[in-house]
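Working notes for the structure below.
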Amino acid sequence: MKNKLALILPLALAAAVVPLAVGQKRGPGKNADKIAPSLPEKAFAKPKQKRKLLVFSRTTGFRHGSIPTGLTAVAMMGEKTGAFEAVISDDLANFESDKINQFDGILFLNTTGDPFLEKGKPGTQERSQRLQKNLQDFVKGGKGFAGFHSATDTLKPGGGHTPEYSKMINGAFDGHPWGGGSSVSIAVEKGQEKHPIVAHLDGKNMDFKEEIYQLRDPYDSKAVHMLLRLDLDRSEKKNLKRTDRDYGVAWVRKWGDGRVFYCSLGHNDAMYWHPDVLKVYLGGIQYALGDFDVPSK
């Protein structure tokens with residue numbers, strides 16, 4: 001019996017990770033019933049061509065429990081609005097130079113650490129450096145990058161070295177005074193009330209419970225087009241590291257010939273069925289893909 005089990009279990013596990021056949025649809029993902037009624041009705045802009053978005057959530061540090069919900073939301077949003085096809089994969093081969101350019105944009109959804117490292121594999125450091133360079137070439141060459149929440153807890157500065165990735169995304173995680181159960185208020189940046197990505201908010205704050213990051217260098221809110229920031233006066237009071245009280249939450253920027261969108265929301269599952277947050281995500285992704293022509297630095 002033990003010998004039979006030894007043969008059956010590997011086969012069962014292999015079957016569980018077989019990718020979907022071309023054209024085959026996924027079953028309902030986590031919290032799909034909550035996400036569906038909250039999705040935007042349509043894309044902000046008609047795609048100039050069929051768009052393919054790689055959605056990557058590999059972690060070598062903390063792994064958020066909200067990742068499955070986030071993946072479901074992004075896939076459903078792309079399908080419903082027609083803005084993009086979400087290719088959900090943590091396969092590092094997608095970042096190799098012969099594959100990466102099949103995508104129009106790449107989304108890092110709650111990645112952490114160095115997601116390009118494979119512990120115990122020979123040459124993994126060299127491969128990470130190569131894939132990081134491929135990602136930079138991809139974006140600077142005219143493609144798009146988007147990051148949610150802990151994408152800033154990814155490829156952080158250390159040992160006197162600041163990765164290009166950290167410069168691109170504009171900052172590195174430096175703790176979260178506001179944990180997932182904190183009551184926070186997210187304000188539209190002053191003067192940006194009519195910016196197309198946040199115009200649906202009509203200049204009003206979003207109030208909910210969510211984990212909010214504080215960021216360290218190379219964070220510079222003046223280097224990006226800020227859209228949302230934490231309203232400290234309307235959020236729970238915390239001990240803060242930043243004396244400048246600068247807690248940006250969402251922004252866009254140009255990077256070479258490409259485009260970058262980042263939003264620090266996404267720790268709690270509920271962010272992925274909050275209608276206003278989903279619209280911010282969609283607008284930012286469409287900007288990164290090159291279809292939503294909005295003001296940006």
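Within each chain, counting starts at residue 1; across the structure tokens, chains are named A, B, ... in the order shown, with ligands numbered 1 upward in that order.
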Practice problem: Would you please give, as a VMD selection string, all residues of segment 122-290 of chain A that DSSP assigns to strand (DSSP E or B) based on the backbone? | Solution: chain A and resid 144 to 148 154 158 161 172 to 173 178 183 to 188 206 to 209 212 215 to 216 225 to 230 248 to 255 258 to 263
Write out the residues from the selection above, keeping N, CA and C atoms, as a CSV table (one decimal), in the first residue's frame.
chain,number,residue,atom,x,y,z
A,144,GLY,N,4.8,48.9,-19.3
A,144,GLY,CA,4.3,49.4,-18.1
A,144,GLY,C,4.5,48.5,-16.9
A,145,PHE,N,4.6,49.1,-15.7
A,145,PHE,CA,4.7,48.4,-14.5
A,145,PHE,C,3.7,49.0,-13.5
A,146,ALA,N,3.1,48.1,-12.7
A,146,ALA,CA,2.2,48.5,-11.6
A,146,ALA,C,2.5,47.7,-10.4
A,147,GLY,N,2.4,48.3,-9.2
A,147,GLY,CA,2.7,47.6,-8.0
A,147,GLY,C,1.6,47.9,-7.0
A,148,PHE,N,1.2,46.9,-6.3
A,148,PHE,CA,0.2,47.0,-5.2
A,148,PHE,C,0.8,46.7,-3.8
A,154,THR,N,9.8,45.1,-1.6
A,154,THR,CA,10.4,44.2,-2.6
A,154,THR,C,11.7,44.8,-3.2
A,158,GLY,N,19.9,48.0,0.4
A,158,GLY,CA,20.6,47.4,1.5
A,158,GLY,C,22.1,47.3,1.2
A,161,HIS,N,23.6,49.7,-1.4
A,161,HIS,CA,23.1,49.6,-2.8
A,161,HIS,C,21.6,49.8,-2.8
A,172,ALA,N,10.9,52.5,-0.3
A,172,ALA,CA,11.0,51.2,0.3
A,172,ALA,C,10.3,51.1,1.6
A,173,PHE,N,9.6,50.0,1.8
A,173,PHE,CA,8.9,49.8,3.1
A,173,PHE,C,9.7,50.0,4.3
A,178,TRP,N,0.2,51.9,10.9
A,178,TRP,CA,-1.2,51.6,10.8
A,178,TRP,C,-1.3,50.1,10.4
A,183,SER,N,-8.1,52.3,11.6
A,183,SER,CA,-9.1,53.1,10.9
A,183,SER,C,-8.2,54.2,10.3
A,184,VAL,N,-8.3,54.3,8.9
A,184,VAL,CA,-7.5,55.3,8.2
A,184,VAL,C,-8.4,56.1,7.2
A,185,SER,N,-7.9,57.2,6.8
A,185,SER,CA,-8.7,58.1,5.9
A,185,SER,C,-7.7,58.4,4.8
A,186,ILE,N,-8.1,58.1,3.5
A,186,ILE,CA,-7.2,58.3,2.4
A,186,ILE,C,-7.8,59.5,1.6
A,187,ALA,N,-6.9,60.5,1.4
A,187,ALA,CA,-7.3,61.8,0.8
A,187,ALA,C,-6.8,61.9,-0.6
A,188,VAL,N,-7.6,62.6,-1.5
A,188,VAL,CA,-7.1,62.9,-2.8
A,188,VAL,C,-6.0,64.0,-2.6
A,206,MET,N,-11.6,58.5,1.3
A,206,MET,CA,-12.0,57.1,1.5
A,206,MET,C,-11.7,56.7,2.9
A,207,ASP,N,-12.7,56.2,3.7
A,207,ASP,CA,-12.4,55.8,5.1
A,207,ASP,C,-12.7,54.3,5.2
A,208,PHE,N,-11.7,53.6,5.8
A,208,PHE,CA,-11.8,52.2,6.0
A,208,PHE,C,-10.7,51.7,6.9
A,209,LYS,N,-10.7,50.4,7.2
A,209,LYS,CA,-9.6,49.8,7.9
A,209,LYS,C,-8.6,49.2,7.0
A,212,ILE,N,-1.3,50.8,6.4
A,212,ILE,CA,-0.7,51.8,5.6
A,212,ILE,C,0.8,51.9,5.9
A,215,LEU,N,7.4,54.9,4.2
A,215,LEU,CA,8.4,54.6,3.2
A,215,LEU,C,9.7,55.3,3.5
A,216,ARG,N,10.8,54.7,3.2
A,216,ARG,CA,12.1,55.4,3.3
A,216,ARG,C,12.8,55.6,1.9
A,225,HIS,N,3.9,61.9,-9.7
A,225,HIS,CA,2.6,62.6,-9.7
A,225,HIS,C,1.7,61.9,-8.7
A,226,MET,N,1.7,62.6,-7.5
A,226,MET,CA,0.9,62.1,-6.4
A,226,MET,C,-0.6,62.2,-6.6
A,227,LEU,N,-1.3,61.1,-6.3
A,227,LEU,CA,-2.7,61.1,-6.4
A,227,LEU,C,-3.5,60.9,-5.1
A,228,LEU,N,-3.0,60.1,-4.2
A,228,LEU,CA,-3.6,59.8,-3.0
A,228,LEU,C,-2.6,59.9,-1.9
A,229,ARG,N,-3.0,60.3,-0.7
A,229,ARG,CA,-2.1,60.3,0.5
A,229,ARG,C,-2.9,60.1,1.7
A,230,LEU,N,-2.3,59.6,2.8
A,230,LEU,CA,-2.9,59.4,4.1
A,230,LEU,C,-3.3,60.8,4.7
A,248,GLY,N,2.5,59.2,1.2
A,248,GLY,CA,1.8,59.0,-0.1
A,248,GLY,C,1.2,57.6,-0.2
A,249,VAL,N,0.1,57.5,-0.9
A,249,VAL,CA,-0.5,56.2,-1.0
A,249,VAL,C,-0.6,55.7,-2.5
A,250,ALA,N,-0.8,56.6,-3.4
A,250,ALA,CA,-0.9,56.2,-4.8
A,250,ALA,C,-0.3,57.3,-5.7
A,251,TRP,N,0.4,56.9,-6.7
A,251,TRP,CA,1.0,57.8,-7.7
A,251,TRP,C,1.3,57.2,-9.0
A,252,VAL,N,1.6,58.0,-10.0
A,252,VAL,CA,2.0,57.6,-11.3
A,252,VAL,C,3.3,58.3,-11.7
A,253,ARG,N,4.1,57.7,-12.6
A,253,ARG,CA,5.3,58.4,-13.0
A,253,ARG,C,5.7,57.8,-14.3
A,254,LYS,N,6.6,58.5,-15.1
A,254,LYS,CA,7.2,58.0,-16.3
A,254,LYS,C,8.6,57.4,-15.8
A,255,TRP,N,9.0,56.3,-16.5
A,255,TRP,CA,10.2,55.7,-16.2
A,255,TRP,C,10.9,55.3,-17.6
A,258,GLY,N,8.7,54.3,-20.5
A,258,GLY,CA,7.6,53.5,-19.9
A,258,GLY,C,6.8,54.3,-18.8
A,259,ARG,N,5.9,53.5,-18.2
A,259,ARG,CA,5.0,54.1,-17.2
A,259,ARG,C,4.9,53.3,-16.0
A,260,VAL,N,4.8,53.9,-14.8
A,260,VAL,CA,4.7,53.2,-13.5
A,260,VAL,C,3.5,53.7,-12.7
A,261,PHE,N,2.8,52.8,-12.1
A,261,PHE,CA,1.7,53.1,-11.2
A,261,PHE,C,1.9,52.3,-9.9
A,262,TYR,N,1.8,53.0,-8.8
A,262,TYR,CA,1.9,52.3,-7.5
A,262,TYR,C,0.7,52.7,-6.6
A,263,CYS,N,0.2,51.7,-5.8
A,263,CYS,CA,-0.8,52.0,-4.8
A,263,CYS,C,-0.5,51.1,-3.6
Practice problem: Go through A:Ser182, A:Asp33, A:Met77, A:Gly283 and flag the residue nearest Ala199 of chain A, using only C-alpha atoms for the distances. | Solution: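 Once distances to Ala199 of chain A are computed over only C-alpha atoms, the minimum belongs to A:Gly283.
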Self-check item: Atomic separation - atom CA of Ser150 of chain A relative to atom CA of Ser128 of chain A, Å
Solution: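 Separation between atom CA of Ser128 of chain A and atom CA of Ser150 of chain A: 18.6 Å.
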Quiz item: Any idea what the distance is between atom CA of Lys238 of chain A and atom CA of Pro177 of chain A?
Solution: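 Spanning atom CA of Lys238 of chain A to atom CA of Pro177 of chain A is a straight-line distance of 6.1 Å.
Nearest residue to Asp246 of chain A, choosing from A:Leu39, A:Ala32, A:Leu232, A:Ala288 and counting only C-alpha atoms: A:Leu232.
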Quiz item: Which residues, written as an MDAnalysis selection string, have at least one atom at most 12 Å from His64 of chain A, with only C-alpha atoms counted and residues fewer than 4 positions away on the same chain left out?
Solution: chainID A and resid 57:60 68:71 109:112 148:151 153 180 211 266:269
Quiz prompt | Nearby residues (only C-alpha atoms) at most 7 Å from Gly142 of chain A, same-chain spacing under 3 positions excluded, as a ChimeraX atom specification | solution = /A:138-139,257-258
Exercise. Pull the alpha helix (DSSP H) assignments for segment 58-215 of chain A out of DSSP run on the backbone, and list those residues as a ChimeraX atom specification.
Key: /A:67-81,124-140,164-169
Self-check item: Nearest-residue call for Leu155 of chain A, choices A:Leu117, A:Leu240, A:Leu265, A:Ile35, using only C-alpha atoms
Solution: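 For Leu155 of chain A, the nearest of the candidates is A:Leu117.
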Could you pull the residues within 12 Å of Pro196 of chain A, counting only C-alpha atoms, minus those fewer than 3 positions along the same chain, as a PDB file with N, CA and C atoms, in the first residue's frame?
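What follows is the written file selection-v4.pdb:
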ATOM      1  N   PHE A  44     -11.627  52.645 -18.384  1.00  0.00           N
ATOM      2  CA  PHE A  44     -11.506  54.096 -18.470  1.00  0.00           C
ATOM      3  C   PHE A  44     -11.236  54.526 -19.913  1.00  0.00           C
ATOM      4  N   ALA A  45     -10.509  53.696 -20.632  1.00  0.00           N
ATOM      5  CA  ALA A  45     -10.162  54.009 -22.018  1.00  0.00           C
ATOM      6  C   ALA A  45     -10.185  52.723 -22.830  1.00  0.00           C
ATOM      7  N   VAL A 188      -7.568  62.570  -1.470  1.00  0.00           N
ATOM      8  CA  VAL A 188      -7.075  62.926  -2.794  1.00  0.00           C
ATOM      9  C   VAL A 188      -6.042  64.041  -2.633  1.00  0.00           C
ATOM     10  N   GLN A 192      -5.448  67.593  -7.275  1.00  0.00           N
ATOM     11  CA  GLN A 192      -5.611  66.455  -8.184  1.00  0.00           C
ATOM     12  C   GLN A 192      -7.047  65.928  -8.212  1.00  0.00           C
ATOM     13  N   GLU A 193      -7.981  66.730  -7.717  1.00  0.00           N
ATOM     14  CA  GLU A 193      -9.369  66.279  -7.617  1.00  0.00           C
ATOM     15  C   GLU A 193      -9.956  65.879  -8.971  1.00  0.00           C
ATOM     16  N   ALA A 199     -10.744  61.006 -10.185  1.00  0.00           N
ATOM     17  CA  ALA A 199     -11.862  61.948 -10.324  1.00  0.00           C
ATOM     18  C   ALA A 199     -13.172  61.375  -9.800  1.00  0.00           C
ATOM     19  N   HIS A 200     -13.315  60.045  -9.827  1.00  0.00           N
ATOM     20  CA  HIS A 200     -14.560  59.421  -9.348  1.00  0.00           C
ATOM     21  C   HIS A 200     -14.778  59.637  -7.845  1.00  0.00           C
ATOM     22  N   LEU A 201     -13.736  60.044  -7.137  1.00  0.00           N
ATOM     23  CA  LEU A 201     -13.854  60.288  -5.703  1.00  0.00           C
ATOM     24  C   LEU A 201     -14.434  61.668  -5.397  1.00  0.00           C
ATOM     25  N   ASP A 202     -14.528  62.520  -6.410  1.00  0.00           N
ATOM     26  CA  ASP A 202     -15.077  63.873  -6.228  1.00  0.00           C
ATOM     27  C   ASP A 202     -14.376  64.632  -5.105  1.00  0.00           C
ATOM     28  N   GLY A 203     -13.096  64.368  -4.929  1.00  0.00           N
ATOM     29  CA  GLY A 203     -12.320  65.066  -3.918  1.00  0.00           C
ATOM     30  C   GLY A 203     -12.581  64.618  -2.491  1.00  0.00           C
ATOM     31  N   LEU A 227      -1.280  61.101  -6.271  1.00  0.00           N
ATOM     32  CA  LEU A 227      -2.728  61.063  -6.450  1.00  0.00           C
ATOM     33  C   LEU A 227      -3.480  60.935  -5.132  1.00  0.00           C
ATOM     34  N   VAL A 252       1.583  58.026 -10.009  1.00  0.00           N
ATOM     35  CA  VAL A 252       2.029  57.578 -11.327  1.00  0.00           C
ATOM     36  C   VAL A 252       3.307  58.330 -11.673  1.00  0.00           C
ATOM     37  N   LYS A 279     -11.500  51.111  -8.852  1.00  0.00           N
ATOM     38  CA  LYS A 279     -11.395  52.081  -9.948  1.00  0.00           C
ATOM     39  C   LYS A 279     -10.007  52.718  -9.985  1.00  0.00           C
ATOM     40  N   VAL A 280      -9.428  52.970  -8.810  1.00  0.00           N
ATOM     41  CA  VAL A 280      -8.063  53.490  -8.775  1.00  0.00           C
ATOM     42  C   VAL A 280      -7.111  52.464  -9.384  1.00  0.00           C
ATOM     43  N   LEU A 282      -7.797  50.112 -11.570  1.00  0.00           N
ATOM     44  CA  LEU A 282      -8.024  49.994 -13.012  1.00  0.00           C
ATOM     45  C   LEU A 282      -7.422  51.179 -13.761  1.00  0.00           C
ATOM     46  N   GLY A 283      -7.670  52.387 -13.262  1.00  0.00           N
ATOM     47  CA  GLY A 283      -7.109  53.555 -13.931  1.00  0.00           C
ATOM     48  C   GLY A 283      -5.595  53.532 -13.958  1.00  0.00           C
ATOM     49  N   GLY A 284      -4.991  53.120 -12.838  1.00  0.00           N
ATOM     50  CA  GLY A 284      -3.535  53.045 -12.773  1.00  0.00           C
ATOM     51  C   GLY A 284      -2.962  51.995 -13.698  1.00  0.00           C
ATOM     52  N   GLN A 286      -4.393  50.834 -16.443  1.00  0.00           N
ATOM     53  CA  GLN A 286      -4.556  51.271 -17.832  1.00  0.00           C
ATOM     54  C   GLN A 286      -3.559  52.365 -18.209  1.00  0.00           C
ATOM     55  N   TYR A 287      -3.209  53.211 -17.245  1.00  0.00           N
ATOM     56  CA  TYR A 287      -2.143  54.179 -17.490  1.00  0.00           C
ATOM     57  C   TYR A 287      -0.831  53.446 -17.784  1.00  0.00           C
ATOM     58  N   PHE A 292      -4.435  54.808 -21.085  1.00  0.00           N
ATOM     59  CA  PHE A 292      -5.117  55.889 -20.380  1.00  0.00           C
ATOM     60  C   PHE A 292      -4.150  57.060 -20.287  1.00  0.00           C
ATOM     61  N   ASP A 293      -4.344  58.030 -21.154  1.00  0.00           N
ATOM     62  CA  ASP A 293      -3.431  59.166 -21.249  1.00  0.00           C
ATOM     63  C   ASP A 293      -3.790  60.195 -20.186  1.00  0.00           C
ATOM     64  N   VAL A 294      -3.066  60.176 -19.081  1.00  0.00           N
ATOM     65  CA  VAL A 294      -3.372  61.066 -17.952  1.00  0.00           C
ATOM     66  C   VAL A 294      -2.114  61.843 -17.573  1.00  0.00           C
ATOM     67  N   PRO A 295      -2.282  62.971 -16.870  1.00  0.00           N
ATOM     68  CA  PRO A 295      -1.117  63.734 -16.419  1.00  0.00           C
ATOM     69  C   PRO A 295      -0.186  62.891 -15.562  1.00  0.00           C
ATOM     70  N   SER A 296       1.114  63.028 -15.811  1.00  0.00           N
ATOM     71  CA  SER A 296       2.106  62.243 -15.075  1.00  0.00           C
ATOM     72  C   SER A 296       3.449  62.940 -15.165  1.00  0.00           C
TER      73      SER A 296
END
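Among the candidate residues A:Pro275, A:Ala270, A:Phe108, A:Asp174, the one lying nearest to Asn31 of chain A is A:Ala270, with distances computed using only C-alpha atoms.
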Quiz item: Which is closest to Gln214 of chain A among A:Pro163, A:Gly29, A:Gly191, A:Gly175, if we use only C-alpha atoms?
Solution: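 Closest candidate: A:Gly175.
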Quiz item: Hey, which of A:Lys143, A:Lys241, A:Lys52, A:Lys133 ends up closest to Glu164 of chain A? Count only C-alpha atoms.
Solution: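 Looking only at the distances to Glu164 of chain A, the closest residue turns out to be A:Lys133.
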Near Lys167 of chain A, within 10 Å and counting only C-alpha atoms, which residues show up once chain neighbours fewer than 2 positions away are dropped, as a CSV table (one decimal) with N, CA and C atoms, in the first residue's frame?
chain,number,residue,atom,x,y,z
A,156,LYS,N,14.5,45.9,-1.9
A,156,LYS,CA,14.8,47.1,-1.2
A,156,LYS,C,16.3,47.4,-1.1
A,157,PRO,N,16.6,48.7,-0.8
A,157,PRO,CA,18.0,49.0,-0.7
A,157,PRO,C,18.6,48.3,0.5
A,162,THR,N,21.2,50.6,-3.8
A,162,THR,CA,19.8,50.9,-4.0
A,162,THR,C,19.4,50.3,-5.4
A,163,PRO,N,18.7,49.2,-5.4
A,163,PRO,CA,18.3,48.7,-6.7
A,163,PRO,C,17.5,49.7,-7.6
A,164,GLU,N,17.7,49.5,-8.9
A,164,GLU,CA,16.9,50.4,-9.8
A,164,GLU,C,15.4,50.2,-9.6
A,165,TYR,N,15.0,49.0,-9.2
A,165,TYR,CA,13.6,48.7,-9.0
A,165,TYR,C,13.0,49.7,-7.9
A,169,ILE,N,10.0,52.4,-8.4
A,169,ILE,CA,8.7,52.3,-7.6
A,169,ILE,C,8.6,53.5,-6.6
A,170,ASN,N,9.7,54.2,-6.4
A,170,ASN,CA,9.8,55.4,-5.5
A,170,ASN,C,9.6,55.1,-4.0
A,171,GLY,N,10.5,54.2,-3.5
A,171,GLY,CA,10.5,54.1,-2.1
A,171,GLY,C,10.6,52.6,-1.6
A,172,ALA,N,10.9,52.5,-0.3
A,172,ALA,CA,11.0,51.2,0.3
A,172,ALA,C,10.3,51.1,1.6
A,217,ASP,N,13.9,56.2,2.0
A,217,ASP,CA,14.6,56.4,0.7
A,217,ASP,C,14.7,55.2,-0.1
A,218,PRO,N,14.5,55.3,-1.4
A,218,PRO,CA,14.5,56.6,-2.2
A,218,PRO,C,13.1,57.3,-2.4
A,219,TYR,N,12.2,57.1,-1.4
A,219,TYR,CA,10.9,57.8,-1.5
A,219,TYR,C,11.1,59.3,-1.7
A,220,ASP,N,10.4,59.9,-2.6
A,220,ASP,CA,10.4,61.3,-2.9
A,220,ASP,C,9.1,61.7,-3.5
A,255,TRP,N,9.0,56.3,-16.5
A,255,TRP,CA,10.2,55.7,-16.2
A,255,TRP,C,10.9,55.3,-17.6
Exercise. Take atom CA of Gln102 of chain A and atom CA of Asp90 of chain A and report the distance between them in Å, one decimal.
Key: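 Straight-line distance from atom CA of Gln102 of chain A to atom CA of Asp90 of chain A works out to 15.4 Å.
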Self-check item: Contacts of segment 93-96 of chain A within 12 Å, only C-alpha atoms, excl. fewer than 6 positions in-chain, as a list in words
Solution: Leu53, Leu54, Val55, Phe56, Val87, Gln102, Phe103, Gly105, Ile106, Pro115, Phe116, Arg127, Ser128, Gln129, Arg130, Leu131, Gln132, Lys133, Asn134, Leu135, Gln136, Asp137, Phe138 and Val139 of chain A
Counting only C-alpha atoms, which residues of segment 73-176 of chain A fall within 10 Å of segment 47-51 of chain A, and what is the closest atom pair for each with its distance in Å at one decimal, ordered by chain and rising number, as a tab-separated table?
residue	atom	partner	partner_atom	distance
A:Gly78	CA	A:Arg51	CA	9.5
A:Gly82	CA	A:Pro47	CA	8.0
A:Ala83	CA	A:Pro47	CA	6.0
A:Phe84	CA	A:Arg51	CA	4.6
A:Glu85	CA	A:Arg51	CA	6.1
A:Ala86	CA	A:Arg51	CA	8.7
A:Gln102	CA	A:Arg51	CA	9.7
A:Phe103	CA	A:Arg51	CA	7.5
A:Asp104	CA	A:Arg51	CA	6.0
A:Gly105	CA	A:Arg51	CA	8.1
